[in-house]
Structure formats: structure tokens, C-alpha cells
file model07.csv (CSV, C-alpha atoms)
chain,number,residue,atom,x,y,z
J,1252,MET,CA,9.1,8.5,24.0
J,1253,PHE,CA,8.7,5.1,22.3
J,1254,LYS,CA,9.2,1.9,24.3
J,1255,GLY,CA,8.4,-1.8,24.4
J,1256,SER,CA,7.6,-4.4,21.8
J,1257,ILE,CA,7.1,-2.7,18.4
J,1258,VAL,CA,6.3,-4.7,15.4
J,1259,ALA,CA,7.9,-4.1,12.0
J,1260,ILE,CA,4.7,-5.2,10.3
J,1261,VAL,CA,4.5,-6.9,6.9
J,1262,THR,CA,2.7,-5.5,3.9
J,1263,PRO,CA,0.3,-8.2,2.8
J,1264,PHE,CA,-0.3,-8.6,-1.0
J,1265,LYS,CA,-3.1,-10.2,-2.9
J,1266,LYS,CA,-2.4,-12.9,-5.5
J,1267,ASP,CA,-2.4,-10.3,-8.2
J,1268,GLY,CA,0.4,-8.4,-6.4
J,1269,ALA,CA,-1.8,-5.5,-5.2
J,1270,VAL,CA,-1.6,-4.4,-1.6
J,1271,ASP,CA,-4.2,-6.1,0.6
J,1272,TYR,CA,-5.3,-3.2,2.7
J,1273,GLU,CA,-8.1,-5.2,4.5
J,1274,LYS,CA,-5.7,-7.9,5.5
J,1275,LEU,CA,-3.3,-5.2,6.7
J,1276,ARG,CA,-6.1,-3.9,9.0
J,1277,GLU,CA,-6.6,-7.4,10.3
J,1278,LEU,CA,-2.9,-7.8,11.1
J,1279,VAL,CA,-2.9,-4.5,12.9
J,1280,GLU,CA,-5.8,-5.7,15.1
J,1281,PHE,CA,-4.0,-9.0,15.8
J,1282,GLN,CA,-1.0,-7.0,17.0
J,1283,ILE,CA,-2.9,-4.6,19.3
J,1284,GLU,CA,-5.0,-7.5,20.7
J,1285,ASN,CA,-1.8,-9.2,21.7
J,1286,GLY,CA,-0.1,-6.4,23.6
J,1287,THR,CA,2.2,-4.9,20.9
J,1288,ASP,CA,3.2,-1.4,22.0
J,1289,GLY,CA,3.7,0.2,18.5
J,1290,ILE,CA,3.5,-0.5,14.8
J,1291,VAL,CA,6.1,0.2,12.1
J,1292,PRO,CA,4.7,0.1,8.6
J,1293,CYS,CA,6.9,0.3,5.5
J,1294,GLY,CA,10.2,-0.8,7.1
J,1295,THR,CA,12.4,-3.6,5.7
J,1296,THR,CA,9.8,-6.2,6.8
J,1297,GLY,CA,7.1,-4.1,5.1
J,1298,GLU,CA,8.9,-4.3,1.7
J,1299,ALA,CA,9.0,-0.5,1.4
J,1300,SER,CA,11.6,-0.9,-1.3
J,1301,THR,CA,9.1,-2.4,-3.7
J,1302,LEU,CA,6.1,-0.1,-2.9
J,1303,ASP,CA,5.6,2.9,-5.1
J,1304,ASN,CA,5.2,6.3,-3.5
J,1305,ASP,CA,1.4,6.1,-3.6
J,1306,GLU,CA,1.3,2.6,-2.1
J,1307,HIS,CA,3.8,3.6,0.5
J,1308,LEU,CA,1.7,6.5,1.7
J,1309,ALA,CA,-1.5,4.5,1.5
J,1310,VAL,CA,-0.1,1.8,3.7
J,1311,ILE,CA,0.9,4.4,6.3
J,1312,LYS,CA,-2.5,6.0,6.2
J,1313,THR,CA,-4.2,2.6,6.5
J,1314,VAL,CA,-2.2,1.7,9.6
J,1315,VAL,CA,-2.7,5.1,11.2
J,1316,ASP,CA,-6.5,4.9,10.5
J,1317,GLN,CA,-6.8,1.4,11.9
J,1318,VAL,CA,-4.6,2.0,15.0
J,1319,ALA,CA,-6.7,5.1,15.8
J,1320,LYS,CA,-4.2,6.4,18.3
J,1321,ARG,CA,-4.3,3.2,20.5
J,1322,VAL,CA,-0.5,2.7,20.1
J,1323,PRO,CA,2.2,4.8,18.3
J,1324,VAL,CA,2.6,4.4,14.5
J,1325,ILE,CA,6.2,4.9,13.4
J,1326,ALA,CA,6.3,5.1,9.6
J,1327,GLY,CA,9.3,3.9,7.6
J,1328,THR,CA,10.3,6.9,5.5
J,1329,GLY,CA,14.0,6.3,4.8
J,1330,SER,CA,15.6,6.6,1.3
J,1331,ASN,CA,19.0,6.8,-0.2
J,1332,CYS,CA,17.9,10.2,-1.6
J,1333,THR,CA,17.8,12.8,1.1
J,1334,ALA,CA,15.2,14.9,-0.6
J,1335,GLU,CA,12.9,11.9,-1.0
J,1336,ALA,CA,13.4,11.0,2.7
J,1337,ILE,CA,12.4,14.5,3.7
J,1338,GLU,CA,9.3,14.4,1.4
J,1339,MET,CA,8.1,11.0,2.6
J,1340,THR,CA,8.7,11.9,6.3
J,1341,ARG,CA,6.7,15.1,5.8
J,1342,LYS,CA,3.9,13.2,4.2
J,1343,ALA,CA,3.9,10.6,7.0
J,1344,LYS,CA,3.6,13.4,9.5
J,1345,ASP,CA,0.7,14.9,7.6
J,1346,ALA,CA,-0.9,11.4,7.5
J,1347,GLY,CA,-0.9,11.2,11.3
J,1348,ALA,CA,2.2,9.1,12.0
J,1349,ASP,CA,3.6,9.6,15.5
J,1350,GLY,CA,7.2,9.1,14.4
J,1351,ALA,CA,9.4,8.1,11.5
J,1352,LEU,CA,12.0,5.3,11.1
J,1353,LEU,CA,14.8,6.2,8.7
J,1354,VAL,CA,17.1,3.6,7.3
J,1355,THR,CA,20.7,4.6,6.5
J,1356,PRO,CA,21.1,5.5,2.8
J,1357,TYR,CA,21.8,2.3,0.9
J,1358,TYR,CA,23.9,1.8,-2.2
J,1359,ASN,CA,25.4,5.3,-2.1
J,1360,LYS,CA,27.9,4.3,0.6
J,1361,PRO,CA,28.2,7.7,2.2
J,1362,THR,CA,30.9,8.6,4.7
J,1363,GLN,CA,30.1,9.1,8.4
J,1364,GLU,CA,29.9,12.9,7.6
J,1365,GLY,CA,27.5,12.2,4.8
J,1366,LEU,CA,25.3,10.1,7.0
J,1367,TYR,CA,25.4,12.9,9.7
J,1368,ARG,CA,24.3,15.5,7.1
J,1369,HIS,CA,21.6,13.3,5.7
J,1370,TYR,CA,20.0,12.7,9.0
J,1371,MET,CA,20.4,16.3,10.1
J,1372,ALA,CA,18.7,17.5,6.9
J,1373,VAL,CA,15.6,15.3,7.6
J,1374,ALA,CA,15.5,16.3,11.3
J,1375,ASN,CA,15.8,20.0,10.5
J,1376,ALA,CA,13.1,19.8,7.8
J,1377,VAL,CA,10.4,17.8,9.6
J,1378,PRO,CA,9.3,18.4,13.2
J,1379,LEU,CA,8.5,14.7,13.9
J,1380,PRO,CA,10.2,12.3,16.3
J,1381,GLN,CA,12.7,10.3,14.2
J,1382,ILE,CA,14.3,6.9,14.8
J,1383,LEU,CA,17.6,6.1,13.1
J,1384,TYR,CA,17.8,2.7,11.6
J,1385,ASN,CA,21.2,1.0,11.3
J,1386,VAL,CA,21.2,-2.3,9.4
J,1387,PRO,CA,24.5,-2.8,7.6
J,1388,GLY,CA,23.6,-6.2,6.4
J,1389,ARG,CA,21.0,-4.7,4.2
J,1390,THR,CA,22.5,-1.3,3.4
J,1391,GLY,CA,26.2,-1.9,3.1
J,1392,ILE,CA,27.0,1.0,5.5
J,1393,ASN,CA,27.4,1.1,9.3
J,1394,LEU,CA,26.3,4.1,11.3
J,1395,LEU,CA,29.0,4.3,13.9
J,1396,PRO,CA,28.4,5.1,17.6
J,1397,GLU,CA,30.3,8.3,17.4
J,1398,THR,CA,28.0,9.5,14.6
J,1399,VAL,CA,24.9,8.5,16.5
J,1400,ALA,CA,26.2,10.5,19.5
J,1401,ARG,CA,26.5,13.6,17.2
J,1402,LEU,CA,23.0,13.1,15.9
J,1403,ALA,CA,21.6,12.5,19.4
J,1404,GLU,CA,22.0,16.2,20.1
J,1405,HIS,CA,19.1,17.0,17.7
J,1406,ALA,CA,15.8,17.2,19.5
J,1407,ASN,CA,13.9,15.5,16.7
J,1408,ILE,CA,16.2,12.4,16.7
J,1409,VAL,CA,14.9,10.4,19.6
J,1410,ALA,CA,16.0,6.8,19.1
J,1411,ILE,CA,17.9,4.3,17.0
J,1412,LYS,CA,17.0,0.8,15.8
J,1413,GLU,CA,20.4,-0.9,16.1
J,1414,ALA,CA,20.4,-4.0,13.9
J,1415,THR,CA,24.1,-4.8,13.5
J,1416,GLY,CA,23.5,-7.8,15.7
J,1417,SER,CA,26.4,-6.6,17.8
J,1418,LEU,CA,26.0,-6.2,21.5
J,1419,GLN,CA,29.3,-4.3,21.6
J,1420,GLN,CA,28.1,-1.6,19.1
J,1421,GLY,CA,24.7,-1.3,20.9
J,1422,SER,CA,26.5,-0.9,24.2
J,1423,GLU,CA,28.9,1.7,22.8
J,1424,ILE,CA,25.9,3.8,21.6
J,1425,ILE,CA,24.3,3.6,25.1
J,1426,ALA,CA,27.6,4.4,26.8
J,1427,LEU,CA,28.3,7.4,24.5
J,1428,CYS,CA,24.7,8.8,24.4
J,1429,GLY,CA,23.4,8.2,27.8
J,1430,ASP,CA,19.8,9.4,28.0
J,1431,LYS,CA,20.1,11.6,24.9
J,1432,ILE,CA,18.8,8.9,22.6
J,1433,ASP,CA,16.9,5.6,23.2
J,1434,VAL,CA,18.1,2.4,21.7
J,1435,PHE,CA,15.9,-0.4,20.3
J,1436,SER,CA,17.2,-3.8,19.5
J,1437,GLY,CA,16.8,-4.4,15.8
J,1438,ASP,CA,17.3,-8.2,16.1
J,1439,ASP,CA,14.9,-10.5,18.0
J,1440,PHE,CA,17.7,-12.9,19.0
J,1441,ILE,CA,19.4,-10.3,21.2
J,1442,THR,CA,16.4,-8.4,22.6
J,1443,PHE,CA,17.0,-9.5,26.2
J,1444,PRO,CA,20.7,-8.9,26.3
J,1445,MET,CA,20.3,-5.5,24.6
J,1446,MET,CA,17.7,-4.5,27.2
J,1447,ALA,CA,20.1,-5.6,29.9
J,1448,CYS,CA,22.5,-3.1,28.4
J,1449,GLY,CA,19.9,-0.4,28.4
J,1450,ALA,CA,17.8,-0.8,25.3
J,1451,VAL,CA,14.2,0.3,25.7
J,1452,GLY,CA,12.7,-2.5,23.6
J,1453,ILE,CA,12.6,-4.3,20.2
J,1454,ILE,CA,11.5,-3.4,16.7
J,1455,SER,CA,10.6,-6.9,15.9
J,1456,VAL,CA,10.1,-9.3,13.0
J,1457,LEU,CA,9.1,-12.2,15.2
J,1458,ALA,CA,6.2,-10.2,16.7
J,1459,ASN,CA,4.4,-10.6,13.4
J,1460,ILE,CA,3.7,-14.2,14.3
J,1461,MET,CA,4.2,-14.2,18.1
J,1462,PRO,CA,3.2,-10.8,19.3
J,1463,ARG,CA,2.1,-11.9,22.7
J,1464,THR,CA,5.3,-13.7,23.4
J,1465,VAL,CA,7.5,-10.8,22.3
J,1466,ALA,CA,5.4,-8.4,24.4
J,1467,ASP,CA,5.6,-10.7,27.4
J,1468,LEU,CA,9.4,-10.8,27.2
J,1469,VAL,CA,9.7,-7.0,27.1
J,1470,ASP,CA,7.0,-6.5,29.8
J,1471,ALA,CA,8.6,-9.0,32.1
J,1472,PHE,CA,11.9,-7.3,31.8
J,1473,PHE,CA,10.4,-3.9,32.6
J,1474,ALA,CA,8.5,-5.4,35.5
J,1475,GLY,CA,11.8,-6.7,36.9
J,1476,ASP,CA,11.0,-10.3,36.3
J,1477,PHE,CA,14.4,-11.0,34.6
J,1478,GLU,CA,14.2,-14.7,35.0
J,1479,LYS,CA,10.9,-14.8,33.0
J,1480,ALA,CA,12.4,-12.5,30.4
J,1481,ARG,CA,15.5,-14.7,30.1
J,1482,GLN,CA,13.5,-17.8,29.7
J,1483,LEU,CA,11.4,-16.3,27.0
J,1484,HIS,CA,14.6,-15.1,25.3
J,1485,LEU,CA,16.0,-18.6,25.3
J,1486,GLN,CA,12.7,-20.2,24.2
J,1487,THR,CA,12.4,-18.0,21.2
J,1488,LEU,CA,15.9,-18.2,19.9
J,1489,LYS,CA,15.1,-21.0,17.4
J,1490,ILE,CA,12.1,-19.4,15.9
J,1491,SER,CA,13.8,-16.0,15.8
J,1492,SER,CA,16.6,-17.5,13.7
J,1493,ALA,CA,14.0,-19.2,11.5
J,1494,MET,CA,12.8,-15.8,10.5
J,1495,PHE,CA,16.0,-15.3,8.6
J,1496,ILE,CA,16.7,-18.6,6.9
J,1497,GLU,CA,16.0,-16.7,3.7
J,1498,SER,CA,15.8,-12.9,3.2
J,1499,ASN,CA,13.3,-11.1,5.4
J,1500,PRO,CA,10.3,-10.9,5.0
J,1501,VAL,CA,10.0,-14.2,3.0
J,1502,PRO,CA,10.1,-16.5,6.1
J,1503,VAL,CA,7.8,-14.4,8.2
J,1504,LYS,CA,5.2,-14.0,5.4
J,1505,THR,CA,5.4,-17.7,4.8
J,1506,ALA,CA,4.8,-18.3,8.5
J,1507,LEU,CA,1.8,-16.0,8.4
J,1508,GLU,CA,0.3,-17.9,5.5
J,1509,LEU,CA,0.9,-21.2,7.3
J,1510,MET,CA,-1.0,-19.7,10.2
J,1511,GLY,CA,-3.9,-18.6,7.9
J,1512,LYS,CA,-3.4,-14.9,8.6
J,1513,ALA,CA,-2.0,-13.5,5.3
J,1514,SER,CA,-0.6,-14.5,1.9
J,1515,ALA,CA,3.1,-15.4,1.6
J,1516,ASP,CA,3.3,-13.4,-1.6
J,1517,VAL,CA,6.2,-11.0,-2.0
J,1518,ARG,CA,7.3,-8.8,-4.8
J,1519,LEU,CA,10.2,-9.4,-7.1
J,1520,PRO,CA,13.2,-9.5,-6.8
J,1521,LEU,CA,12.1,-11.5,-3.7
J,1522,CYS,CA,10.4,-14.8,-4.4
J,1523,GLU,CA,8.7,-17.6,-2.6
J,1524,MET,CA,10.7,-19.7,-0.1
J,1525,GLY,CA,12.6,-22.7,-1.3
J,1526,GLU,CA,10.9,-26.0,-0.5
J,1527,ALA,CA,13.8,-27.3,1.7
J,1528,ASN,CA,13.7,-24.2,3.8
J,1529,LYS,CA,9.9,-24.2,3.9
J,1530,ALA,CA,10.0,-27.7,5.3
J,1531,LYS,CA,12.4,-26.6,8.0
J,1532,LEU,CA,10.1,-23.6,8.9
J,1533,VAL,CA,7.1,-25.9,9.1
J,1534,ALA,CA,8.9,-28.2,11.5
J,1535,ILE,CA,9.9,-25.4,13.7
J,1536,MET,CA,6.5,-23.8,13.7
J,1537,LYS,CA,4.9,-27.1,14.7
J,1538,GLU,CA,7.5,-27.3,17.5
J,1539,TYR,CA,6.2,-23.9,18.8
J,1540,LYS,CA,2.6,-25.0,18.2
J,1541,LEU,CA,2.0,-22.1,15.9
J,1542,ILE,CA,0.5,-24.5,13.3
call {"tool": "encode", "arguments": {"input": "model07.csv", "output": "C-alpha cells"}}
result
Amino acid sequence: MFKGSIVAIVTPFKKDGAVDYEKLRELVEFQIENGTDGIVPCGTTGEASTLDNDEHLAVIKTVVDQVAKRVPVIAGTGSNCTAEAIEMTRKAKDAGADGALLVTPYYNKPTQEGLYRHYMAVANAVPLPQILYNVPGRTGINLLPETVARLAEHANIVAIKEATGSLQQGSEIIALCGDKIDVFSGDDFITFPMMACGAVGIISVLANIMPRTVADLVDAFFAGDFEKARQLHLQTLKISSAMFIESNPVPVKTALELMGKASADVRLPLCEMGEANKAKLVAIMKEYKLI
């Protein structure tokens, strides 16, 4: 259903902390002009955790409006409160989103059975294609392959963003689920090997600043040009790693500011990048001729 290079787009802020909706529209255009196959607003990279509910919905609506059906919009609607996840997923559907991305409930530390019931409750409540989002480094809980296989039986659960960084876990999901669920790499540094194992693309941080390169990598793979895809994988390893020298999205927003595309401002408890790390980022971006 969804496939290719999908960007987990940042939420740009003005200097006073307000969401910069006009800049968000510009960033959407930058993505579509450079071959991105889908847009995810309000994910981890979009700082959904510090948006209030009205802002969250307004960001989704802005992206849906600007995209104007040119590519799919998959709205981040996850929560550690199941009722809230259902409500936000329903509102995203009403706003015109083509799908929803639902992070595993954070902080609560549910069991695998609890995770299963949480996702089933959302899938049963809202008739919208839903992508599971497993990122244990941010949530403190790992959605295991066996649980994914159980959830894959539901018609509304169509894919998973697998962001453990583990090729083994990604491969186990693909082996267990077959064609019942699509798998996206959730980490730019393993997009190529994950696709070699059967993933259908990447939900990418790096695409915020290098959308054409990420799209070219994925397109080359699907065209059967594995050597080009492999080379792009190796060429982007350094900049992919640089996107995580501090907590996402601090590095990628700093990079966008250095490129003159958006402010680096984030909301507390995140803060601006440390000077030493910023110097490293600047050097790497110059190496890639991004600045």
C-alpha cells in the first residue's frame, strides 16, 4: 500500500516557539520536488510529543492540504493512552490523512499482550491503514516479531516502521509475516540491507535534508540497480550517523537551518545543539556539499 522513500518531516518553529506553518508548506514542496514518495507529519522527528492537540491536528491538516493528494500522508497519531491514540487517529482520518503511524506506548511499559490489545483497539476503532512504529530506544519497549505477526492479521494494520536498528529483528518480522504486513526500515543507516531482506522502503530522517539521494537509493533498488543502491548506502552512512549525534530532531533541524531552509529551534526539554557537535555537523555537511 505504501512504499518507497517516506520522510518523517520536521515541524518547523518560529523564534517565539509557534509552529511555522508556511515554512512547513515549503518543506513539503521541497520533498515532493525531490522525489519523496510520502510524508509523515507528527512523528518523532516532527516533535509530536511537544505539540498540543490543536497544533498536532493543525500540522496534519496543513500537510494534507499542501500535499493535495500528490503523495500519501501518513499522520503520526500514537500515544501511550489508547483512548487518545484512537481519538487522534480518527481526527487524522477526518482531516484527510491516507494512513496513521502509531508508536508503541511509551513509559507505561506494557506487556506484549498489552501492546497487542492497544493496537487492536485502534485498528478496530478507525478504518484507516495503520503502520506500527517500533522504536525501543525512545519508548523503552520492544514490539516483538511474534506480536507483529499476530497484529498483521488485522486488515487495517498494513505495515511496521521497524526502528530497532536490528537486521535480525527486521528479518524475523518478514519471515514470520510474509506478505501480510509491509516492513519499512526506521533507520537510514540500514535502509539498503533492510530492503535486501524484503523491506519496502524507509521512513527517513535523512530525507529532510537529502530527499533526492534517499529517493534515488530506494528507486535504484526497486529498479534492480543494486550496485547503485549499495553505493548510495555506503556514501550516506556518515551523514546518516550525523543525524543522531544528539537527540533527533536536533541535528536534522540544525542541518536545515544551516541550509537556509528552516529554523533549528526545538521545544524544551530539547535544546539547541552543543557547539562541539555543531562543529562536527558543519564539517560533515561541507563534505557532502550541503552547505
call {"tool": "residues_around", "arguments": {"input": "model07.csv", "residues": "J:Gly1268", "least_positions_apart": "4", "cutoff": "8 Å", "atoms": "all atoms listed in the file", "output": "PyMOL selection string"}}
result
chain J and resi 1264+1516-1518
call {"tool": "closest_residue", "arguments": {"input": "model07.csv", "among": "J:Ser1436, J:Asn1385, J:Asn1459, J:Asn1393", "to": "J:Pro1361", "atoms": "all atoms listed in the file"}}
result
J:Asn1393
call {"tool": "residues_around", "arguments": {"input": "model07.csv", "residues": "stretch 1323-1332 of chain J", "least_positions_apart": "5", "cutoff": "9 Å", "atoms": "only C-alpha atoms", "output": "ChimeraX atom specification"}}
result
/J:1253,1257,1288-1295,1297,1299-1300,1307,1311,1314-1315,1318,1337-1341,1343-1344,1347-1359,1369,1380-1382,1384
call {"tool": "write_last_selection", "arguments": {"input": "model07.csv", "atoms": "C-alpha atoms", "output": "compact mmCIF listing (two decimals), keeping the file's coordinate frame"}}
result
# COMPACT_ATOMS: atom_id res chain seq x y z
CA PHE J 1253 8.70 5.10 22.30
CA ILE J 1257 7.10 -2.70 18.40
CA ASP J 1288 3.20 -1.40 22.00
CA GLY J 1289 3.70 0.20 18.50
CA ILE J 1290 3.50 -0.50 14.80
CA VAL J 1291 6.10 0.20 12.10
CA PRO J 1292 4.70 0.10 8.60
CA CYS J 1293 6.90 0.30 5.50
CA GLY J 1294 10.20 -0.80 7.10
CA THR J 1295 12.40 -3.60 5.70
CA GLY J 1297 7.10 -4.10 5.10
CA ALA J 1299 9.00 -0.50 1.40
CA SER J 1300 11.60 -0.90 -1.30
CA HIS J 1307 3.80 3.60 0.50
CA ILE J 1311 0.90 4.40 6.30
CA VAL J 1314 -2.20 1.70 9.60
CA VAL J 1315 -2.70 5.10 11.20
CA VAL J 1318 -4.60 2.00 15.00
CA ILE J 1337 12.40 14.50 3.70
CA GLU J 1338 9.30 14.40 1.40
CA MET J 1339 8.10 11.00 2.60
CA THR J 1340 8.70 11.90 6.30
CA ARG J 1341 6.70 15.10 5.80
CA ALA J 1343 3.90 10.60 7.00
CA LYS J 1344 3.60 13.40 9.50
CA GLY J 1347 -0.90 11.20 11.30
CA ALA J 1348 2.20 9.10 12.00
CA ASP J 1349 3.60 9.60 15.50
CA GLY J 1350 7.20 9.10 14.40
CA ALA J 1351 9.40 8.10 11.50
CA LEU J 1352 12.00 5.30 11.10
CA LEU J 1353 14.80 6.20 8.70
CA VAL J 1354 17.10 3.60 7.30
CA THR J 1355 20.70 4.60 6.50
CA PRO J 1356 21.10 5.50 2.80
CA TYR J 1357 21.80 2.30 0.90
CA TYR J 1358 23.90 1.80 -2.20
CA ASN J 1359 25.40 5.30 -2.10
CA HIS J 1369 21.60 13.30 5.70
CA PRO J 1380 10.20 12.30 16.30
CA GLN J 1381 12.70 10.30 14.20
CA ILE J 1382 14.30 6.90 14.80
CA TYR J 1384 17.80 2.70 11.60
call {"tool": "residues_around", "arguments": {"input": "model07.csv", "residues": "stretch 1492-1504 of chain J", "least_positions_apart": "2", "cutoff": "6 Å", "atoms": "all atoms listed in the file", "output": "NGL selection string"}}
result
:J and (1296 or 1489-1490 or 1506-1507 or 1515)
call {"tool": "residues_around", "arguments": {"input": "model07.csv", "residues": "J:His1405", "least_positions_apart": "3", "cutoff": "8 Å", "atoms": "all atoms listed in the file", "output": "PyMOL selection string"}}
result
chain J and resi 1371+1374+1402+1408
call {"tool": "write_last_selection", "arguments": {"input": "model07.csv", "atoms": "C-alpha atoms", "output": "CSV table (one decimal), in the frame of the given file"}}
result
chain,number,residue,atom,x,y,z
J,1371,MET,CA,20.4,16.3,10.1
J,1374,ALA,CA,15.5,16.3,11.3
J,1402,LEU,CA,23.0,13.1,15.9
J,1408,ILE,CA,16.2,12.4,16.7
call {"tool": "closest_residue", "arguments": {"input": "model07.csv", "among": "J:Val1373, J:Cys1522, J:Pro1444, J:Ala1471", "to": "J:Leu1485", "atoms": "only C-alpha atoms"}}
result
J:Pro1444
call {"tool": "atom_distance", "arguments": {"input": "model07.csv", "atom1": "atom CA of J:Gly1365", "atom2": "atom CA of J:Ile1392"}}
result
11.2 Å
call {"tool": "residues_near_point", "arguments": {"input": "model07.csv", "point": "(27.7, 0.2, 26.0)", "cutoff": "12 Å", "atoms": "all atoms listed in the file", "output": "PyMOL selection string"}}
result
chain J and resi 1396+1417-1429+1434+1444-1450
call {"tool": "atom_distance", "arguments": {"input": "model07.csv", "atom1": "atom CA of J:Ile1535", "atom2": "atom CA of J:Asp1439"}}
result
16.3 Å
call {"tool": "atom_distance", "arguments": {"input": "model07.csv", "atom1": "atom CA of J:Pro1387", "atom2": "atom CA of J:Lys1412"}}
result
11.7 Å
call {"tool": "decode", "arguments": {"input": "model07.csv", "residues": "stretch 1378-1406 of chain J", "atoms": "N, CA and C atoms", "output": "PDB file, in the first residue's frame"}}
result
ATOM      1  N   PRO J1378     -11.233   2.866  10.693  1.00  0.00           N
ATOM      2  CA  PRO J1378     -10.970   2.203   9.403  1.00  0.00           C
ATOM      3  C   PRO J1378     -10.014   3.024   8.546  1.00  0.00           C
ATOM      4  N   LEU J1379      -8.739   2.958   8.917  1.00  0.00           N
ATOM      5  CA  LEU J1379      -7.682   3.690   8.223  1.00  0.00           C
ATOM      6  C   LEU J1379      -6.445   2.818   8.202  1.00  0.00           C
ATOM      7  N   PRO J1380      -5.700   2.758   7.099  1.00  0.00           N
ATOM      8  CA  PRO J1380      -4.457   1.973   7.087  1.00  0.00           C
ATOM      9  C   PRO J1380      -3.494   2.465   8.170  1.00  0.00           C
ATOM     10  N   GLN J1381      -2.977   1.518   8.949  1.00  0.00           N
ATOM     11  CA  GLN J1381      -2.161   1.867  10.112  1.00  0.00           C
ATOM     12  C   GLN J1381      -0.800   1.185  10.046  1.00  0.00           C
ATOM     13  N   ILE J1382       0.230   1.973  10.403  1.00  0.00           N
ATOM     14  CA  ILE J1382       1.602   1.476  10.437  1.00  0.00           C
ATOM     15  C   ILE J1382       2.065   1.437  11.880  1.00  0.00           C
ATOM     16  N   LEU J1383       2.459   0.265  12.340  1.00  0.00           N
ATOM     17  CA  LEU J1383       3.048   0.130  13.662  1.00  0.00           C
ATOM     18  C   LEU J1383       4.411   0.812  13.655  1.00  0.00           C
ATOM     19  N   TYR J1384       4.830   1.337  14.808  1.00  0.00           N
ATOM     20  CA  TYR J1384       6.109   2.035  14.884  1.00  0.00           C
ATOM     21  C   TYR J1384       6.848   1.545  16.126  1.00  0.00           C
ATOM     22  N   ASN J1385       7.901   0.775  15.873  1.00  0.00           N
ATOM     23  CA  ASN J1385       8.665   0.171  16.960  1.00  0.00           C
ATOM     24  C   ASN J1385      10.021   0.847  17.080  1.00  0.00           C
ATOM     25  N   VAL J1386      10.223   1.613  18.157  1.00  0.00           N
ATOM     26  CA  VAL J1386      11.481   2.344  18.356  1.00  0.00           C
ATOM     27  C   VAL J1386      11.862   2.266  19.835  1.00  0.00           C
ATOM     28  N   PRO J1387      12.370   1.102  20.258  1.00  0.00           N
ATOM     29  CA  PRO J1387      12.633   0.862  21.683  1.00  0.00           C
ATOM     30  C   PRO J1387      13.565   1.882  22.325  1.00  0.00           C
ATOM     31  N   GLY J1388      14.495   2.440  21.538  1.00  0.00           N
ATOM     32  CA  GLY J1388      15.417   3.419  22.093  1.00  0.00           C
ATOM     33  C   GLY J1388      14.725   4.676  22.585  1.00  0.00           C
ATOM     34  N   ARG J1389      13.510   4.949  22.077  1.00  0.00           N
ATOM     35  CA  ARG J1389      12.751   6.116  22.501  1.00  0.00           C
ATOM     36  C   ARG J1389      11.639   5.754  23.474  1.00  0.00           C
ATOM     37  N   THR J1390      11.135   4.536  23.393  1.00  0.00           N
ATOM     38  CA  THR J1390       9.921   4.191  24.146  1.00  0.00           C
ATOM     39  C   THR J1390      10.160   3.292  25.354  1.00  0.00           C
ATOM     40  N   GLY J1391      11.284   2.574  25.350  1.00  0.00           N
ATOM     41  CA  GLY J1391      11.564   1.659  26.461  1.00  0.00           C
ATOM     42  C   GLY J1391      10.876   0.316  26.335  1.00  0.00           C
ATOM     43  N   ILE J1392      10.255   0.044  25.180  1.00  0.00           N
ATOM     44  CA  ILE J1392       9.558  -1.234  24.998  1.00  0.00           C
ATOM     45  C   ILE J1392       9.784  -1.708  23.559  1.00  0.00           C
ATOM     46  N   ASN J1393       9.921  -3.027  23.398  1.00  0.00           N
ATOM     47  CA  ASN J1393      10.179  -3.611  22.081  1.00  0.00           C
ATOM     48  C   ASN J1393       8.983  -4.438  21.640  1.00  0.00           C
ATOM     49  N   LEU J1394       8.418  -4.089  20.491  1.00  0.00           N
ATOM     50  CA  LEU J1394       7.325  -4.853  19.897  1.00  0.00           C
ATOM     51  C   LEU J1394       7.931  -6.053  19.187  1.00  0.00           C
ATOM     52  N   LEU J1395       7.756  -7.228  19.756  1.00  0.00           N
ATOM     53  CA  LEU J1395       8.457  -8.419  19.270  1.00  0.00           C
ATOM     54  C   LEU J1395       7.840  -8.958  17.978  1.00  0.00           C
ATOM     55  N   PRO J1396       8.640  -9.647  17.174  1.00  0.00           N
ATOM     56  CA  PRO J1396       8.143 -10.172  15.904  1.00  0.00           C
ATOM     57  C   PRO J1396       6.892 -11.034  16.046  1.00  0.00           C
ATOM     58  N   GLU J1397       6.829 -11.815  17.094  1.00  0.00           N
ATOM     59  CA  GLU J1397       5.656 -12.678  17.290  1.00  0.00           C
ATOM     60  C   GLU J1397       4.384 -11.850  17.491  1.00  0.00           C
ATOM     61  N   THR J1398       4.511 -10.724  18.168  1.00  0.00           N
ATOM     62  CA  THR J1398       3.363  -9.849  18.374  1.00  0.00           C
ATOM     63  C   THR J1398       2.983  -9.151  17.074  1.00  0.00           C
ATOM     64  N   VAL J1399       3.977  -8.756  16.312  1.00  0.00           N
ATOM     65  CA  VAL J1399       3.716  -8.150  14.993  1.00  0.00           C
ATOM     66  C   VAL J1399       2.952  -9.136  14.118  1.00  0.00           C
ATOM     67  N   ALA J1400       3.337 -10.402  14.174  1.00  0.00           N
ATOM     68  CA  ALA J1400       2.665 -11.417  13.361  1.00  0.00           C
ATOM     69  C   ALA J1400       1.197 -11.555  13.754  1.00  0.00           C
ATOM     70  N   ARG J1401       0.908 -11.462  15.040  1.00  0.00           N
ATOM     71  CA  ARG J1401      -0.498 -11.506  15.483  1.00  0.00           C
ATOM     72  C   ARG J1401      -1.264 -10.296  14.948  1.00  0.00           C
ATOM     73  N   LEU J1402      -0.650  -9.121  15.028  1.00  0.00           N
ATOM     74  CA  LEU J1402      -1.307  -7.892  14.598  1.00  0.00           C
ATOM     75  C   LEU J1402      -1.474  -7.837  13.083  1.00  0.00           C
ATOM     76  N   ALA J1403      -0.585  -8.503  12.366  1.00  0.00           N
ATOM     77  CA  ALA J1403      -0.627  -8.483  10.898  1.00  0.00           C
ATOM     78  C   ALA J1403      -1.892  -9.130  10.343  1.00  0.00           C
ATOM     79  N   GLU J1404      -2.604  -9.855  11.169  1.00  0.00           N
ATOM     80  CA  GLU J1404      -3.845 -10.487  10.725  1.00  0.00           C
ATOM     81  C   GLU J1404      -4.971  -9.477  10.560  1.00  0.00           C
ATOM     82  N   HIS J1405      -4.817  -8.299  11.168  1.00  0.00           N
ATOM     83  CA  HIS J1405      -5.875  -7.289  11.079  1.00  0.00           C
ATOM     84  C   HIS J1405      -5.750  -6.522   9.764  1.00  0.00           C
ATOM     85  N   ALA J1406      -6.855  -6.359   9.058  1.00  0.00           N
ATOM     86  CA  ALA J1406      -6.829  -5.735   7.729  1.00  0.00           C
ATOM     87  C   ALA J1406      -6.367  -4.286   7.769  1.00  0.00           C
TER      88      ALA J1406
END
